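In what follows, a structure is listed as structure tokens, so that the remarks can point back to it.
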Amino acid sequence: MLLSGIAGAVSGAIPLFAFIMALLFIPEEKASVRNITGVLIAFAGVVLIARPSGQEVLTTNLEGIGYMIAGSLSVGGSFVYARKFIVPLRIPAAALTTYQLGFGLLILSLLTDTAGIGTLWTDPHASIGLIVGLGILGTGLAYILYYYIVETLGAVAASSVTYLPPVVALFIGWLLVGEPIELMDVLSTGMIFVGVFLLKK
């Protein structure tokens, strides 16, 4: 088991990995004081929202941290790969999304254990959430926007959108579940938005 605070902080490293790889592999994405500052401020905001305590770090699952780092490195690398190899092909974002999801569906249909999947359709909230939330909005529309942002803003600025899920989760928890928001949460959110603004060209 990996504690959510640690997971949130490690997943916030995606733009850091994207920034480092962009410097190595994309000559036109040069380092500047502005974007270095933006990356560090936003990452600090993610860490403050997650608030992993020293005790959590000592008792957490190191294997889980390794998987989270590998995942963050992979996602960060995907922004650089898309910018360097996919965007120059000038394929429309909707077409790229269709190809990506089509191949993904094929691979998952061959490898995924579908036992019990029919249970999803017995609950209308789950089935609507699956189709609309995860399918249309969270995957289809998100990937169209992903390719558009990578093309127009660059890999590093585009990767900064991954700083936003902790903020969205924080406010959804407050609105729908009634979870408290502390002053530190507000300050952390402000830091994330400042960092993302600094990364915007």
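Residues in the structure tokens are numbered from 1 in each chain, the chains being A, B, ... in the order shown, and ligands are numbered from 1 in the order shown.
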task: Would you mind writing down, as a ChimeraX atom specification, each residue of chain A that DSSP on the backbone assigns to alpha helix (DSSP H)?
output: /A:4-11,14-25,33-50,54-59,62-81,93-111,124-128,142-153,155-159,164-172,183-199
field: Shell of 12 Å around segment 139-151 of chain A, only C-alpha atoms, local chain residues under 2 positions omitted, as a PyMOL selection string
entry: chain A and resi 18+22+29+75-76+78-102+104+130-137+153-162+200-201
